[in-house]
Structures are given as structure tokens and as C-alpha cells.
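Okay, so here's the structure we're looking at.
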Amino acid sequence: MPARDYYDTLGIKRDASADEIKKAFRRLSRKHHPDAGGSEERFKEINEAYQVLSDSEKRKQYDEYGRYFGGGSPPGPGGGPWPPGASQAGASYTTVDMGDLGDLFGSVFGGFGGGAARARRGGDLTYEVQLTFDEAMDGVSTKVDVRRAERCGTCSGSGAKPGTSPVACPACGGTGHRQDGQGMFAFSRTCPRCSGTGRIVEQPCGACRGKGEVLRVKPVTVNVPAGSTDGGKLRFKGKGEPGVNGGPAGDLYVVTRVKAHPYYSRDGADVLLDLPVTFAEAALGAEVTIPAPDGTKVKLKVKAGTSDGTVHRVPGKGAPRLKGGGRGDLKVRTKVAVPTKLSAEQKELLKRFESSRAEDVRSHITVPGATSRREAS
């Protein structure tokens with residue numbers, strides 16, 4: 001059965017420009033690449049069509065002598081043999097110099113070409129550190145026991161038994177990746193035998209069992225800055241897992257967890273405090289002394305007629321700012337304390353006070369057909 005027309009394969013017209021051919025090839029290759037779940041046969045057809053149509057000489061011969069290439073050499077007009085001396089374009093397929101096409105699959109399928117085993121960055125580690133409210137406010141230096149892989153001291157990280165050495169992986173030739181041919185070019189896969197290291201340990205080290213690294217717990221000093229918040233994340237570059245094949249180490253992330261305080265809470269750099277005041281203090285006004293988070297005492301004036309939930313701001317008495325310097329504010333919210341136990345005399349005084357008030361606090365609330373409390377009395 002004759003092969004599909006190359007122009008139909010790429011979905012282009014017979015007078016398509018070189019740029020149009022390249023764009024069609026890029027689009028179809030992304031769609032039908034085997035690593036992207038496409039058909040290998042379809043991918044080969046696309047590669048074959050592009051190899052011929054992207055080459056001006058091969059394209060000219062294809063247009064002149066036939067619609068397809070059969071067997072090992074292209075047919076002549078009508079499907080017969082090539083004329084004597086004619087070029088057998090397309091008879092063999094080799095790895096293409098990707099050039100400007102290298103970016104097509106580089107990030108998607110792992111890149112192309114040979115070379116030494118790739119260096120890989122080590123993994124990141126995340127740990128939590130528990131802090132008191134005061135430690136978060138003032139900053140603290142603490143230690144975190146970090147469990148991470150480190151180079152084996154017995155084999156110096158080679159993974160091989162002392163006196164022996166690893167050998168180049170025979171499956172990939174020590175490159176760490178395999179070249180798999182697909183039609184007109186080859187693409188790279190991580191070697192499954194050596195997992196991309198490019199080396200095989202024939203006689204493994206007894207201490208690390210051929211891994212070249214062992215797990216150890218090592219204390220790491222963490223300097224927590226003043227003003228840290230619950231859930232904040234600190235980054236320590238290069239303190240994570242070691243890299244592979246000379247790659248850089250990963251990072252260590254420390255998440256701060258701040259224990260709740262009996263009466264302070266945080267809103268960023270601002271500190272919140274609920275201040276209980278008596279009914280008389282709220283009504284008549286008062287001056288009260290409160291503790292600030294920095295350990296000092298602050299005098300706060302409660303104005304006469306202060307209602308429950310009123311917020312008073314004390315500038316500069318909050319937590320240190322992590323950026324920009326300075327401190328946040330102390331926000332004091334008044335909470336009017338309602339007495340629950342009253343003597344007979346206190347009850348009588350409150351009744352007399354209530355009956356002497358000219359103000360009706362519910363005068364703005366009206367219910368159809370009902371009279372206010374004072375009208376009813």
C-alpha cells in the first residue's frame with residue numbers, strides 16, 4: 001500500500017514555504033511525540049516527511065519523480081525504478097542536527113545529545129521550629145536536628161568498596177542517558193540502568209550499600225529574626241540535600257510555629273490586646289496602666305463614654321518589622337466588663353441610675369403597634 005503523501009502528512013500545500021514546513025513539523029511533533037502519548041508510527045511519518053521536504057534538493061526530487069519513497073530507494077514516475085544516476089534521497093535516516101529545533105523538546109522531553117552524566121541539584125528540606133511568643137518577638141538562635149543524606153566517609157562518596165572504583169555504565173556509555181532513534185533524529189532518555197548517574201558499582205561499599213551517601217542527623221543553628229510570625233518561612237541556602245554528579249546542594253526551609261500568648265495576639269507587626277474596663281471606667285473615663293510586649297509599662301487614657309470594642313492605638317509598641325525596620329503598633333481594644341454578682345445596695349443604685357437617665361438607648365428601634373419602654377412607664 002503506498003505511503004501517505006508527504007505534504008498531506010504535514011498538512012501543508014505543495015507550494016508551502018520552508019518556514020511553513022518547519023512550523024507544521026513543530027506543531028505535529030509536539031502532538032504525536034511518543035513521550036507525549038502519541039503514536040510512534042505517526043511520529044516516524046512526520047519525521048520522514050520533514051526530512052525530505054525541508055531539504056530543497058530532496059524536495060525537488062520528490063516533486064519530480066513520485067509522491068512517495070518505497071523500500072530503500074525512491075521510485076520514479078508511476079512507481080517504477082529511478083532513472084540511471086538518480087539520487088536515492090531518503091534511503092537512510094540519520095540523527096539530525098537539531099540547531100534551532102533544539103528548544104522544541106528540550107524542556108519537555110529532557111533534551112538531546114550525548115555528553116557526561118548530568119549534574120542535578122539536591123532536594124530541599126523543610127522543618128518546623130516551635131517558638132514562644134517572646135522568642136518570636138525578640139528573635140532567638142536555636143538548633144534544628146536535620147536528617148539528610150551526606151557523603152559516605154568509607155568510600156568517599158563513590159559507592160564502591162574501598163580499593164575498587166565504579167565503572168562506566170555499559171548501557172549508556174557513562175553519559176547517564178540513552179539515545180533513542182526515532183525517524184530522522186534521536187532524542188534522549190535517562191538511562192534506566194544507572195538512573196542517570198552514568199556509573200555502575202560492581203562491588204558496593206558495605207557502609208552505604210553502594211549509594212555513596214548515608215543518612216545522618218546533624219544539628220543546624222537557625223537564627224530566627226525578631227518579629228517572626230506563625231507560619232513564617234526561613235530559607236537557608238545550600239543546607240538541604242547534597243547535589244548529584246557535582247550539582248549544587250538544595251536549600252533548607254524552616255517554618256516558625258509560634259505558641260499562643262495568654263493575652264497578646266499578632267496582626268503582622270501589630271500586636272493586639274483586649275483590655276477589660278469597668279462600666280464606670282468606660283462611662284466616666286479613666287487612665288489605666290498596661291504592659292507593652294517589649295516589657296515596658298504604658299499609660300492609656302480611656303475617654304469618657306468609651307463603648308465596648310473601641311480600639312486605642314499605641315504607636316511603636318508592637319512587634320519588630322521584618323522589613324523596613326521599626327516596630328508596629330500596640331492595638332488596645334476595650335472590653336466593658338459586666339458585673340455578674342451585685343449586692344442589694346449595688347442593685348438599688350443601678351436601678352436609681354437607670355430611672356434617672358433621660359436617654360433611651362433603643363429609641364431608634366421601632367416596632368409597629370408597640371410603645372417604647374419609657375412611654376410605657
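Chains: A, B, ... in order of the C-alpha cells. Residues: from 1 per chain. Ligands: from 1, in order shown.
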
request  = Mind checking which residues fall within 8 Å of Arg327 (chain A), counting only C-alpha atoms, ignoring those fewer than 5 positions away in the same chain, and posting them as a PyMOL selection string?
outcome  = chain A and resi 269-270+316-321

request  = Run DSSP on the backbone and give me the residues of region 1-35 of chain A it puts in alpha helix (DSSP H), as an MDAnalysis selection string.
outcome  = chainID A and resid 6:10 18:32

query = Can you list, as a PyMOL selection string, every residue of region 126-156 of chain A that DSSP puts in strand (DSSP E or B)?
reply = chain A and resi 126-131+140-151

All residues 12 Å or closer to region 157-171 of chain A, only C-alpha atoms, same chain fewer than 2 positions away omitted, as a PyMOL selection string = chain A and resi 116-117+149-155+173-179+189-214+242-246

inquiry  = For Arg333 (chain A), find every residue with an atom within 7 Å (counting only C-alpha atoms), except residues of its own chain fewer than 6 positions away, and show them as a list in words.
reply    =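 So, after excluding close chain neighbours, the residues are Leu273, Asp274, Leu275, Gly309, Thr310, Val311 and His312 of chain A.
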
Could you save those same residues with all heavy atoms as a PDB file, in the first residue's frame?
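After the write, result31.pdb holds the following:
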ATOM      1  N   LEU A 273      -4.337  43.590  71.966  1.00  0.00           N
ATOM      2  CA  LEU A 273      -4.562  43.321  73.383  1.00  0.00           C
ATOM      3  C   LEU A 273      -5.992  43.706  73.740  1.00  0.00           C
ATOM      4  O   LEU A 273      -6.438  44.826  73.457  1.00  0.00           O
ATOM      5  CB  LEU A 273      -3.579  44.129  74.244  1.00  0.00           C
ATOM      6  CG  LEU A 273      -3.854  44.160  75.755  1.00  0.00           C
ATOM      7  CD1 LEU A 273      -3.682  42.760  76.359  1.00  0.00           C
ATOM      8  CD2 LEU A 273      -2.950  45.170  76.457  1.00  0.00           C
ATOM      9  N   ASP A 274      -6.732  42.781  74.339  1.00  0.00           N
ATOM     10  CA  ASP A 274      -8.068  43.075  74.848  1.00  0.00           C
ATOM     11  C   ASP A 274      -7.938  43.561  76.290  1.00  0.00           C
ATOM     12  O   ASP A 274      -7.383  42.861  77.156  1.00  0.00           O
ATOM     13  CB  ASP A 274      -8.959  41.838  74.797  1.00  0.00           C
ATOM     14  CG  ASP A 274      -9.459  41.562  73.389  1.00  0.00           C
ATOM     15  OD1 ASP A 274      -9.492  42.503  72.570  1.00  0.00           O
ATOM     16  OD2 ASP A 274      -9.819  40.399  73.097  1.00  0.00           O
ATOM     17  N   LEU A 275      -8.448  44.772  76.559  1.00  0.00           N
ATOM     18  CA  LEU A 275      -8.319  45.392  77.882  1.00  0.00           C
ATOM     19  C   LEU A 275      -9.687  45.464  78.565  1.00  0.00           C
ATOM     20  O   LEU A 275     -10.575  46.208  78.124  1.00  0.00           O
ATOM     21  CB  LEU A 275      -7.743  46.801  77.749  1.00  0.00           C
ATOM     22  CG  LEU A 275      -7.633  47.604  79.044  1.00  0.00           C
ATOM     23  CD1 LEU A 275      -6.601  46.965  79.986  1.00  0.00           C
ATOM     24  CD2 LEU A 275      -7.261  49.058  78.759  1.00  0.00           C
ATOM     25  N   GLY A 309     -15.441  47.470  72.579  1.00  0.00           N
ATOM     26  CA  GLY A 309     -14.847  47.215  71.276  1.00  0.00           C
ATOM     27  C   GLY A 309     -14.073  48.380  70.697  1.00  0.00           C
ATOM     28  O   GLY A 309     -13.514  48.263  69.597  1.00  0.00           O
ATOM     29  N   THR A 310     -14.024  49.503  71.398  1.00  0.00           N
ATOM     30  CA  THR A 310     -13.245  50.646  70.913  1.00  0.00           C
ATOM     31  C   THR A 310     -11.754  50.300  70.917  1.00  0.00           C
ATOM     32  O   THR A 310     -11.243  49.732  71.879  1.00  0.00           O
ATOM     33  CB  THR A 310     -13.488  51.884  71.791  1.00  0.00           C
ATOM     34  OG1 THR A 310     -14.876  52.222  71.750  1.00  0.00           O
ATOM     35  CG2 THR A 310     -12.666  53.073  71.306  1.00  0.00           C
ATOM     36  N   VAL A 311     -11.072  50.630  69.832  1.00  0.00           N
ATOM     37  CA  VAL A 311      -9.646  50.307  69.700  1.00  0.00           C
ATOM     38  C   VAL A 311      -8.814  51.567  69.909  1.00  0.00           C
ATOM     39  O   VAL A 311      -9.033  52.590  69.251  1.00  0.00           O
ATOM     40  CB  VAL A 311      -9.342  49.689  68.317  1.00  0.00           C
ATOM     41  CG1 VAL A 311      -7.843  49.430  68.167  1.00  0.00           C
ATOM     42  CG2 VAL A 311     -10.122  48.392  68.134  1.00  0.00           C
ATOM     43  N   HIS A 312      -7.854  51.472  70.824  1.00  0.00           N
ATOM     44  CA  HIS A 312      -6.896  52.548  71.069  1.00  0.00           C
ATOM     45  C   HIS A 312      -5.543  52.100  70.512  1.00  0.00           C
ATOM     46  O   HIS A 312      -5.112  50.973  70.757  1.00  0.00           O
ATOM     47  CB  HIS A 312      -6.762  52.852  72.569  1.00  0.00           C
ATOM     48  CG  HIS A 312      -8.053  53.288  73.210  1.00  0.00           C
ATOM     49  ND1 HIS A 312      -9.069  52.400  73.504  1.00  0.00           N
ATOM     50  CD2 HIS A 312      -8.483  54.518  73.597  1.00  0.00           C
ATOM     51  CE1 HIS A 312     -10.061  53.064  74.066  1.00  0.00           C
ATOM     52  NE2 HIS A 312      -9.740  54.343  74.134  1.00  0.00           N
TER      53      HIS A 312
END

query = Between A:Ser356, A:Thr9, A:Gln346, A:Thr256, which one has atoms that come closest to Val222 (chain A), using only C-alpha atoms?
reply =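 Ranked by minimum distance to Val222 (chain A), first place goes to A:Thr256.
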
message = If I take CA of Ala337 (chain A) and CA of Asp308 (chain A), how far is one from the other in Å, to one decimal?
response =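 Those two atoms sit 8.8 Å apart.
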
request  = Enter the distance from CA of Glu128 (chain A) to CA of Val254 (chain A), in Å, rounded to one decimal.
outcome  =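 These two atoms are separated by 5.4 Å.
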
query = Counting only C-alpha atoms, what is within 10 Å of Tyr6 (chain A), bar same-chain residues fewer than 5 positions away, as a PyMOL selection string?
reply = chain A and resi 11-12+14+45-53+59+62+67-69

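The shortest atom-to-atom distance to Ile290 (chain A), with only C-alpha atoms taken into account, belongs to A:Val302 out of A:Ala24, A:Val302, A:Ala119, A:Leu125.
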
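Taking CA of Val338 (chain A) and CA of Val314 (chain A) as the two end points, the separation is 25.5 Å.
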
request  = Kindly indicate which residue among A:Glu241, A:Glu345, A:Asp230, A:Glu20 lies nearest to Met137 (chain A), using only C-alpha atoms for the distances.
outcome  =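 Closest candidate: A:Asp230.
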
inquiry  = Could you list, as a PyMOL selection string, every residue within 9 Å of Val220 (chain A), counting only C-alpha atoms and ignoring same-chain residues fewer than 2 positions away?
reply    = chain A and resi 142-146+218+222+239

ask   = From the list A:Ser141, A:Thr229, A:Thr126, A:Ser156, which residue is nearest Val271 (chain A) when using only C-alpha atoms?
value =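 Ranking A:Ser141, A:Thr229, A:Thr126, A:Ser156 by distance to Val271 (chain A), first place goes to A:Thr229.
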